[in-house]
$ cat run-v3.cif   # mmCIF, C-alpha atoms
data_input
loop_
_atom_site.label_atom_id
_atom_site.label_comp_id
_atom_site.auth_asym_id
_atom_site.auth_seq_id
_atom_site.Cartn_x
_atom_site.Cartn_y
_atom_site.Cartn_z
CA MET U 719 58.06 -40.46 59.29
CA SER U 720 59.41 -39.99 55.77
CA LEU U 721 61.55 -37.15 54.52
CA PHE U 722 58.58 -35.85 52.54
CA GLY U 723 56.09 -35.77 55.39
CA LYS U 724 53.71 -38.18 56.89
CA LYS U 725 52.81 -41.04 54.60
CA LYS U 726 49.08 -41.17 53.79
CA SER U 727 47.21 -44.23 54.84
CA PRO U 728 45.11 -46.24 52.34
CA LYS U 729 42.00 -44.98 54.14
CA GLU U 730 42.99 -41.35 53.54
CA ASP U 731 43.63 -42.08 49.84
CA THR U 732 40.20 -43.68 49.53
CA THR U 733 38.57 -40.69 51.23
CA LYS U 734 40.30 -38.29 48.85
CA ILE U 735 39.22 -40.34 45.81
CA THR U 736 35.66 -40.40 47.10
CA LYS U 737 35.62 -36.61 47.61
CA ASP U 738 37.08 -36.05 44.13
CA HIS U 739 34.43 -38.33 42.67
CA GLU U 740 31.65 -36.49 44.52
CA ARG U 741 33.01 -33.13 43.38
CA SER U 742 33.19 -34.38 39.78
CA SER U 743 29.63 -35.74 39.99
CA LYS U 744 28.36 -32.38 41.24
CA ILE U 745 30.08 -30.57 38.39
CA ASN U 746 28.62 -33.01 35.86
CA LYS U 747 25.15 -32.59 37.36
CA HIS U 748 25.42 -28.80 37.23
CA LEU U 749 26.63 -28.97 33.64
CA ALA U 750 23.81 -31.34 32.66
CA THR U 751 21.27 -29.07 34.35
CA PHE U 752 22.75 -26.06 32.59
CA VAL U 753 22.58 -27.73 29.16
CA LEU U 754 19.02 -28.90 29.87
CA HIS U 755 17.95 -25.38 30.80
CA ALA U 756 19.60 -24.04 27.66
CA PHE U 757 17.83 -26.65 25.55
CA VAL U 758 14.48 -25.84 27.14
CA TYR U 759 15.06 -22.14 26.50
CA GLU U 760 15.99 -22.68 22.87
CA VAL U 761 13.24 -25.16 22.02
CA VAL U 762 10.39 -23.97 24.21
CA ALA U 763 10.94 -20.26 24.78
CA LYS U 764 12.35 -19.49 21.34
CA ARG U 765 10.37 -21.87 19.14
CA PHE U 766 7.25 -23.23 20.81
CA LEU U 767 5.97 -20.29 22.86
CA PRO U 768 5.97 -17.78 19.95
CA LYS U 769 3.77 -20.19 17.97
CA VAL U 770 1.39 -20.54 20.92
CA HIS U 771 1.32 -16.77 21.33
CA LYS U 772 0.56 -16.31 17.62
CA TRP U 773 -2.21 -18.93 17.76
CA LEU U 774 -3.81 -17.23 20.77
CA HIS U 775 -3.40 -13.82 19.16
CA ASN U 776 -5.10 -15.03 15.99
CA ARG U 777 -7.96 -16.44 18.03
CA MET U 778 -8.43 -13.31 20.14
CA THR U 779 -8.11 -10.73 17.38
CA THR U 780 -11.26 -9.21 15.90
CA ASN U 781 -9.79 -8.98 12.38
CA LYS U 782 -11.63 -11.35 10.03
CA VAL U 783 -9.51 -12.91 7.29
CA LEU U 784 -10.77 -14.21 3.94
CA GLY U 785 -8.50 -16.47 1.91
CA VAL U 786 -9.09 -16.72 -1.83
CA ILE U 787 -7.40 -19.13 -4.25
CA PRO U 788 -8.02 -17.88 -7.80
CA ALA U 789 -8.02 -20.81 -10.25
CA ARG U 790 -8.30 -20.38 -14.01
CA TYR U 791 -8.54 -23.27 -16.46
CA ASN U 792 -7.64 -21.49 -19.71
CA SER U 793 -4.07 -20.52 -18.90
CA THR U 794 -2.02 -19.59 -21.97
CA ARG U 795 1.16 -21.38 -20.88
CA PHE U 796 -0.51 -24.28 -19.08
CA PRO U 797 -4.21 -25.00 -19.85
CA GLY U 798 -5.94 -26.98 -17.10
CA LYS U 799 -3.13 -26.32 -14.62
CA PRO U 800 -5.31 -26.43 -11.45
CA LEU U 801 -6.37 -29.98 -12.32
CA ALA U 802 -2.91 -31.23 -13.34
CA ASP U 803 -1.70 -34.27 -11.43
CA LEU U 804 0.90 -33.73 -8.72
CA CYS U 805 1.82 -36.81 -6.72
CA GLY U 806 -1.58 -38.41 -7.33
CA ASN U 807 -3.77 -35.39 -6.56
CA PRO U 808 -4.85 -32.30 -8.52
CA MET U 809 -2.65 -29.27 -7.98
CA ILE U 810 -5.58 -27.27 -6.59
CA TRP U 811 -6.03 -29.94 -3.88
CA HIS U 812 -2.43 -29.39 -2.70
CA THR U 813 -2.82 -25.60 -2.67
CA TYR U 814 -6.13 -25.71 -0.80
CA THR U 815 -5.00 -28.36 1.70
CA ASN U 816 -1.75 -26.58 2.57
CA ALA U 817 -3.37 -23.15 2.78
CA LYS U 818 -6.04 -24.63 5.06
CA LYS U 819 -3.34 -25.56 7.58
CA SER U 820 -3.04 -21.91 8.53
CA ASN U 821 -4.95 -20.88 11.65
CA CYS U 822 -5.59 -17.35 10.45
CA PHE U 823 -8.39 -17.89 7.87
CA ASP U 824 -11.99 -17.38 8.90
CA GLU U 825 -12.98 -18.53 5.41
CA LEU U 826 -11.00 -20.11 2.56
CA VAL U 827 -12.52 -20.50 -0.91
CA VAL U 828 -11.48 -21.28 -4.46
CA ALA U 829 -12.54 -18.63 -6.99
CA THR U 830 -13.05 -19.97 -10.51
CA ASP U 831 -15.14 -19.50 -13.62
CA ASP U 832 -14.79 -23.15 -14.71
CA GLU U 833 -17.21 -25.86 -13.59
CA ARG U 834 -14.56 -28.59 -13.95
CA ILE U 835 -12.40 -26.91 -11.31
CA ALA U 836 -15.45 -26.21 -9.13
CA GLU U 837 -16.53 -29.85 -9.25
CA CYS U 838 -13.02 -31.03 -8.34
CA VAL U 839 -12.91 -28.71 -5.32
CA ARG U 840 -16.36 -29.78 -4.13
CA ASP U 841 -15.34 -33.44 -4.47
CA PHE U 842 -12.52 -33.06 -1.95
CA GLY U 843 -14.67 -30.98 0.41
CA GLY U 844 -13.44 -27.48 -0.46
CA LYS U 845 -15.56 -24.35 -0.84
CA VAL U 846 -16.06 -22.65 -4.21
CA VAL U 847 -17.32 -19.27 -5.37
CA MET U 848 -18.03 -18.98 -9.10
CA THR U 849 -16.68 -15.76 -10.58
CA SER U 850 -17.16 -13.98 -13.88
CA GLU U 851 -15.28 -15.01 -17.02
CA SER U 852 -14.52 -11.33 -17.56
CA CYS U 853 -12.08 -11.20 -14.62
CA ASN U 854 -8.66 -10.22 -15.95
CA ASN U 855 -6.62 -11.52 -13.03
CA GLY U 856 -6.71 -13.15 -9.61
CA THR U 857 -7.11 -9.82 -7.81
CA GLU U 858 -10.39 -9.15 -9.60
CA ARG U 859 -11.59 -12.63 -8.63
CA CYS U 860 -10.69 -11.85 -4.99
CA LEU U 861 -12.83 -8.71 -5.16
CA GLU U 862 -15.79 -10.62 -6.64
CA VAL U 863 -15.57 -13.19 -3.85
CA LEU U 864 -15.39 -10.43 -1.22
CA GLN U 865 -18.45 -8.71 -2.69
CA HIS U 866 -20.30 -12.04 -2.90
CA LEU U 867 -19.60 -12.91 0.75
CA GLY U 868 -20.04 -9.34 2.04
CA GLU U 869 -17.36 -6.65 2.12
CA LYS U 870 -18.22 -5.69 5.69
CA ASN U 871 -17.72 -9.25 6.93
CA TYR U 872 -13.94 -9.26 6.47
CA ASP U 873 -11.01 -6.98 7.31
CA ILE U 874 -8.22 -8.74 5.38
CA VAL U 875 -8.23 -10.61 2.06
CA VAL U 876 -5.37 -12.95 1.12
CA ASN U 877 -4.73 -13.89 -2.52
CA VAL U 878 -3.18 -17.38 -2.45
CA GLN U 879 -1.77 -18.31 -5.85
CA GLY U 880 -3.38 -21.50 -7.17
CA ASP U 881 -0.08 -22.65 -8.69
CA GLU U 882 1.71 -22.64 -5.31
CA PRO U 883 0.86 -26.22 -4.28
CA PHE U 884 3.23 -26.28 -1.31
CA ILE U 885 2.37 -22.90 0.19
CA GLU U 886 3.44 -22.87 3.83
CA SER U 887 1.09 -21.92 6.64
CA GLU U 888 3.85 -19.80 8.21
CA HIS U 889 4.02 -17.74 5.03
CA VAL U 890 0.27 -17.21 5.03
CA GLU U 891 0.36 -16.07 8.63
CA LYS U 892 3.30 -13.74 7.96
CA VAL U 893 1.58 -11.98 5.05
CA VAL U 894 -1.59 -11.59 7.14
CA ASP U 895 0.52 -10.05 9.92
CA CYS U 896 1.74 -7.43 7.42
CA ILE U 897 -1.80 -6.02 7.27
CA ARG U 898 -2.86 -6.87 10.81
CA SER U 899 0.09 -5.00 12.32
CA GLY U 900 -0.87 -1.89 10.34
CA ILE U 901 -4.48 -2.13 11.48
CA GLU U 902 -3.47 -2.56 15.12
CA ALA U 903 -0.99 0.32 14.88
CA GLY U 904 -3.66 2.56 13.35
CA ASP U 905 -1.56 3.08 10.20
CA ALA U 906 -4.17 3.43 7.45
CA SER U 907 -1.47 3.80 4.78
CA VAL U 908 -0.50 0.09 5.00
CA VAL U 909 -3.00 -1.37 2.53
CA MET U 910 -1.11 -4.33 1.04
CA GLY U 911 1.31 -7.00 2.17
CA THR U 912 3.53 -9.48 0.37
CA LEU U 913 6.59 -11.64 1.06
CA ALA U 914 10.18 -11.72 -0.17
CA ARG U 915 13.06 -14.14 0.15
CA PRO U 916 16.82 -13.64 -0.24
CA ALA U 917 18.02 -14.02 -3.81
CA ASN U 918 20.03 -17.16 -4.54
CA LEU U 919 23.68 -16.44 -3.82
CA ASN U 920 24.93 -18.96 -6.39
CA ASP U 921 22.57 -18.02 -9.21
CA SER U 922 22.98 -14.60 -10.82
CA GLU U 923 19.84 -15.25 -12.92
CA ASP U 924 17.83 -15.07 -9.73
CA VAL U 925 18.69 -11.37 -9.62
CA THR U 926 19.24 -10.41 -13.27
CA ASN U 927 16.42 -12.34 -14.98
CA VAL U 928 13.58 -9.96 -15.90
CA ASN U 929 11.00 -12.63 -15.06
CA ASN U 930 12.11 -12.54 -11.42
CA VAL U 931 10.67 -9.55 -9.56
CA LYS U 932 12.93 -7.84 -7.04
CA VAL U 933 12.05 -5.39 -4.29
CA VAL U 934 13.97 -2.83 -2.24
CA LEU U 935 12.85 -1.97 1.27
CA ASP U 936 13.00 0.81 3.81
CA LYS U 937 14.14 0.27 7.39
CA THR U 938 10.68 -0.87 8.49
CA ASN U 939 10.30 -3.33 5.60
CA ASN U 940 7.93 -1.22 3.54
CA ALA U 941 8.49 -1.64 -0.19
CA LEU U 942 10.22 1.30 -1.84
CA TYR U 943 10.02 -0.11 -5.37
CA PHE U 944 9.40 -3.34 -7.31
CA SER U 945 11.38 -4.00 -10.46
CA ARG U 946 12.30 -6.61 -13.04
CA ALA U 947 15.77 -5.09 -13.16
CA MET U 948 18.57 -5.78 -10.70
CA ILE U 949 17.84 -3.49 -7.78
CA PRO U 950 19.61 -1.98 -6.00
CA TYR U 951 21.94 -1.28 -8.92
CA ASN U 952 25.64 -0.44 -8.62
CA LYS U 953 28.30 1.51 -10.51
CA ARG U 954 29.91 -1.70 -11.78
CA GLY U 955 26.69 -2.61 -13.54
CA LYS U 956 27.10 -6.26 -12.60
CA TYR U 957 25.71 -8.62 -9.99
CA ASP U 958 28.32 -9.11 -7.30
CA PRO U 959 27.55 -12.02 -4.95
CA LYS U 960 30.34 -10.87 -2.62
CA VAL U 961 28.28 -7.89 -1.53
CA SER U 962 24.81 -9.35 -2.02
CA PHE U 963 24.81 -11.18 1.28
CA CYS U 964 26.35 -10.68 4.66
CA LEU U 965 26.00 -12.82 7.74
CA PHE U 966 26.02 -11.03 11.03
CA VAL U 967 25.45 -12.02 14.61
CA ASP U 968 23.58 -9.75 16.99
CA PHE U 969 25.64 -10.21 20.13
CA SER U 970 22.99 -8.52 22.27
CA HIS U 971 21.09 -11.80 22.12
CA TRP U 972 24.08 -14.02 22.82
CA HIS U 973 24.02 -15.23 26.35
CA VAL U 974 25.62 -18.25 27.93
CA ALA U 975 22.72 -20.62 27.33
CA ARG U 976 22.56 -20.03 23.57
CA LEU U 977 26.33 -20.06 23.30
CA CYS U 978 26.38 -23.40 25.10
CA LEU U 979 23.84 -24.80 22.65
CA PHE U 980 25.77 -23.39 19.73
CA LEU U 981 28.92 -25.14 20.85
CA THR U 982 27.29 -28.42 21.81
CA LEU U 983 24.22 -28.90 19.63
CA GLY U 984 24.72 -26.51 16.74
CA LEU U 985 21.24 -25.03 17.13
CA LEU U 986 22.24 -21.39 16.99
CA SER U 987 22.38 -19.80 13.57
CA PRO U 988 23.38 -16.24 12.70
CA THR U 989 20.86 -13.75 11.36
CA LEU U 990 20.73 -13.32 7.61
CA LYS U 991 20.83 -9.91 5.99
CA CYS U 992 20.87 -9.45 2.24
CA LEU U 993 20.94 -6.80 -0.43
CA TYR U 994 18.76 -8.46 -3.08
CA TRP U 995 15.24 -9.62 -2.27
CA ARG U 996 13.01 -11.71 -4.55
CA LYS U 997 9.29 -10.99 -4.29
CA LEU U 998 6.96 -13.97 -3.80
CA GLY U 999 3.50 -14.35 -5.33
CA ILE U 1000 1.27 -14.13 -2.27
CA TYR U 1001 -0.60 -10.90 -1.44
CA ALA U 1002 -2.78 -9.62 1.38
CA TYR U 1003 -5.06 -6.57 1.18
CA ARG U 1004 -7.12 -4.48 3.50
CA ALA U 1005 -10.64 -5.49 2.52
CA SER U 1006 -11.70 -1.84 2.43
CA PHE U 1007 -8.91 -1.07 -0.07
CA LEU U 1008 -9.52 -3.88 -2.57
CA ASN U 1009 -12.26 -2.13 -4.54
CA THR U 1010 -10.14 1.03 -4.71
CA TYR U 1011 -7.19 -1.00 -5.97
CA VAL U 1012 -9.15 -2.79 -8.69
CA ASN U 1013 -11.69 -0.22 -9.87
CA GLU U 1014 -10.64 3.25 -8.78
CA MET U 1015 -6.86 3.36 -9.01
CA PRO U 1016 -5.68 4.15 -12.55
CA GLN U 1017 -2.60 2.60 -14.13
CA SER U 1018 0.56 4.46 -13.23
CA LEU U 1019 3.71 5.28 -15.14
CA LEU U 1020 5.94 2.88 -13.18
CA GLN U 1021 3.32 0.15 -13.28
CA LYS U 1022 3.19 0.26 -17.08
CA GLN U 1023 6.96 0.61 -17.46
CA GLU U 1024 7.73 -2.44 -15.29
CA ASP U 1025 4.47 -4.31 -16.01
CA LEU U 1026 4.07 -4.67 -12.23
CA GLU U 1027 0.65 -3.68 -10.92
CA GLN U 1028 1.74 -3.20 -7.31
CA ASN U 1029 3.90 -0.20 -8.22
CA LYS U 1030 0.78 1.95 -8.69
CA VAL U 1031 0.04 1.50 -4.99
CA ILE U 1032 3.41 2.98 -4.00
CA GLU U 1033 3.09 5.78 -6.56
CA ALA U 1034 -0.28 6.70 -5.07
CA GLY U 1035 1.33 7.17 -1.64
CA TYR U 1036 0.20 3.95 0.05
CA LYS U 1037 2.46 1.41 1.77
CA ILE U 1038 3.09 -2.25 0.94
CA LYS U 1039 4.51 -4.07 3.94
CA VAL U 1040 6.91 -6.89 3.06
CA GLY U 1041 7.35 -9.95 5.27
CA LEU U 1042 10.77 -11.59 4.98
CA VAL U 1043 11.20 -15.36 4.78
CA GLU U 1044 14.34 -17.44 4.46
CA LYS U 1045 13.18 -19.62 1.56
CA ALA U 1046 10.19 -20.42 -0.61
CA VAL U 1047 8.72 -23.49 -2.25
CA HIS U 1048 8.48 -24.19 -5.95
CA GLY U 1049 5.60 -22.67 -7.91
CA VAL U 1050 4.38 -24.14 -11.20
CA ASP U 1051 4.06 -22.05 -14.38
CA THR U 1052 4.58 -24.59 -17.17
CA PRO U 1053 4.11 -28.34 -17.84
CA GLU U 1054 7.90 -28.69 -17.84
CA GLN U 1055 8.09 -27.26 -14.31
CA LEU U 1056 5.39 -29.68 -13.19
CA ARG U 1057 7.30 -32.67 -14.60
CA HIS U 1058 10.45 -31.40 -12.91
CA LEU U 1059 8.64 -31.01 -9.58
CA ASN U 1060 7.09 -34.47 -9.79
CA GLY U 1061 10.55 -35.88 -10.50
CA MET U 1062 12.04 -34.06 -7.52
CA LEU U 1063 9.33 -35.39 -5.22
CA LYS U 1064 9.76 -38.95 -6.49
CA THR U 1065 13.48 -38.80 -5.80
CA LYS U 1066 12.80 -37.04 -2.46
CA LYS U 1067 14.82 -33.96 -3.41
CA GLY U 1068 14.07 -30.61 -1.79
CA ILE U 1069 11.13 -28.51 -2.99
CA TYR U 1070 12.61 -25.20 -1.82
CA ILE U 1071 14.13 -22.52 -4.01
#

$ encode --input "run-v3.cif" --output "structure tokens"
Amino acid sequence: MSLFGKKKSPKEDTTKITKDHERSSKINKHLATFVLHAFVYEVVAKRFLPKVHKWLHNRMTTNKVLGVIPARYNSTRFPGKPLADLCGNPMIWHTYTNAKKSNCFDELVVATDDERIAECVRDFGGKVVMTSESCNNGTERCLEVLQHLGEKNYDIVVNVQGDEPFIESEHVEKVVDCIRSGIEAGDASVVMGTLARPANLNDSEDVTNVNNVKVVLDKTNNALYFSRAMIPYNKRGKYDPKVSFCLFVDFSHWHVARLCLFLTLGLLSPTLKCLYWRKLGIYAYRASFLNTYVNEMPQSLLQKQEDLEQNKVIEAGYKIKVGLVEKAVHGVDTPEQLRHLNGMLKTKKGIYI
């Protein structure tokens, strides 16, 4: 007997070590199970299942969607642009192929008045509708295609810009949802949809340049106004990047599983809110509204002042729903932009703006 109590035998020490090891193993197993469950939640429940739900929803819905890619050969800034080479294929091939990846189109066609473009599209297996040379813009070509295929056969028409070779299927689906949600909610005032991305924080030209169209929104993401000016404006009269963006985290969605992933895998990102939104070039229309928009709706004061056709829709009391995306791919307006884009792709630099 020692002064400090009974001395433990080697057998007792071994038993204690074994129990400690078992307890540690159980803790590690529980932790591994916990992290696995968190990973499954983040990857499957948050990322995979919504896509499956959207795919099933698109299949089950009765709304018929027509996609139109207007393509004009005689562009002032870039003649022959749809046939220009981009990574070994014509630009129109890229636009058509990437737009086709969307599951929401019941029909996708190229609308052109040029036989060279039509022949190119037919060669790679695409569908073409020849339109009149008198069409002033892509919207009028969309209407001609709709009338050719039957106005009563479609509920939604999407105008996919021919010079957006890397259009993303998620963007197409989001702009279709702008109209589809209005139809399903019975809101007849939602007649158009478009997309917007946050303005570039490090580039004031993204906000102040008059060639970049900005949009301000209401609380339900309906467009209040489109402008070439910096909107919303401020009393300083200058673009201030310090107030243009703010990152916030909605703690109502933070539970232990996501927090665990955030700490261990870095998969959790805060939600982005911004003050300045840049409008993108894709549009969706209610099929029943397209003829009204093109032929029956006169030019408005704000449309002529800004040289932005969509403003006449808002002035007439209709709604334009805006889908928000985090980023957008490069469009092509000039030969210089095409050379720049080809160079970026050859050096494997990003194509997002």

$ resolve_selection --input "run-v3.cif" --expression "the PyMOL selection byres ((chain U and resi 1037-1050) around 9)" --output "JSON, numbers by chain"
{"U": [799, 879, 881, 882, 883, 884, 885, 886, 889, 892, 893, 895, 896, 897, 900, 906, 907, 908, 909, 910, 911, 912, 913, 914, 915, 916, 935, 938, 939, 940, 941, 942, 990, 995, 997, 998, 999, 1028, 1031, 1032, 1035, 1036, 1051, 1052, 1053, 1054, 1055, 1056, 1059, 1068, 1069, 1070, 1071]}

$ atom_distance --input "run-v3.cif" --atom1 "CA of Glu869 in chain U" --atom2 "CA of Val828 in chain U"
17.1 Å

$ atom_distance --input "run-v3.cif" --atom1 "CA of Pro959 in chain U" --atom2 "CA of Leu919 in chain U"
6.0 Å

$ closest_residue --input "run-v3.cif" --among "U:Gln1023, U:Phe1007, U:Cys805, U:Asn920" --to "Lys1064 in chain U" --atoms "all atoms listed in the file"
U:Cys805

$ closest_residue --input "run-v3.cif" --among "U:Asn929, U:Ser1006, U:Thr794, U:Asn1029" --to "Gly868 in chain U" --atoms "all atoms listed in the file"
U:Ser1006

$ residues_around --input "run-v3.cif" --residues "Val846 in chain U" --least-positions-apart "6" --cutoff "7 Å" --atoms "only C-alpha atoms" --output "list in words"
Val827, Val828, Ala829, Ala836 and Val839 of chain U

$ atom_distance --input "run-v3.cif" --atom1 "CA of Ser922 in chain U" --atom2 "CA of Ser887 in chain U"
28.9 Å

$ residues_around --input "run-v3.cif" --residues "Asn781 in chain U" --least-positions-apart "5" --cutoff "9 Å" --atoms "only C-alpha atoms" --output "MDAnalysis selection string"
chainID U and resid 776 872:874 898 901

$ resolve_selection --input "run-v3.cif" --expression "the PyMOL selection byres ((chain U and resi 814) around 8)" --output "VMD selection string"
chain U and resid 787 810 to 813 815 to 818 828 844 883
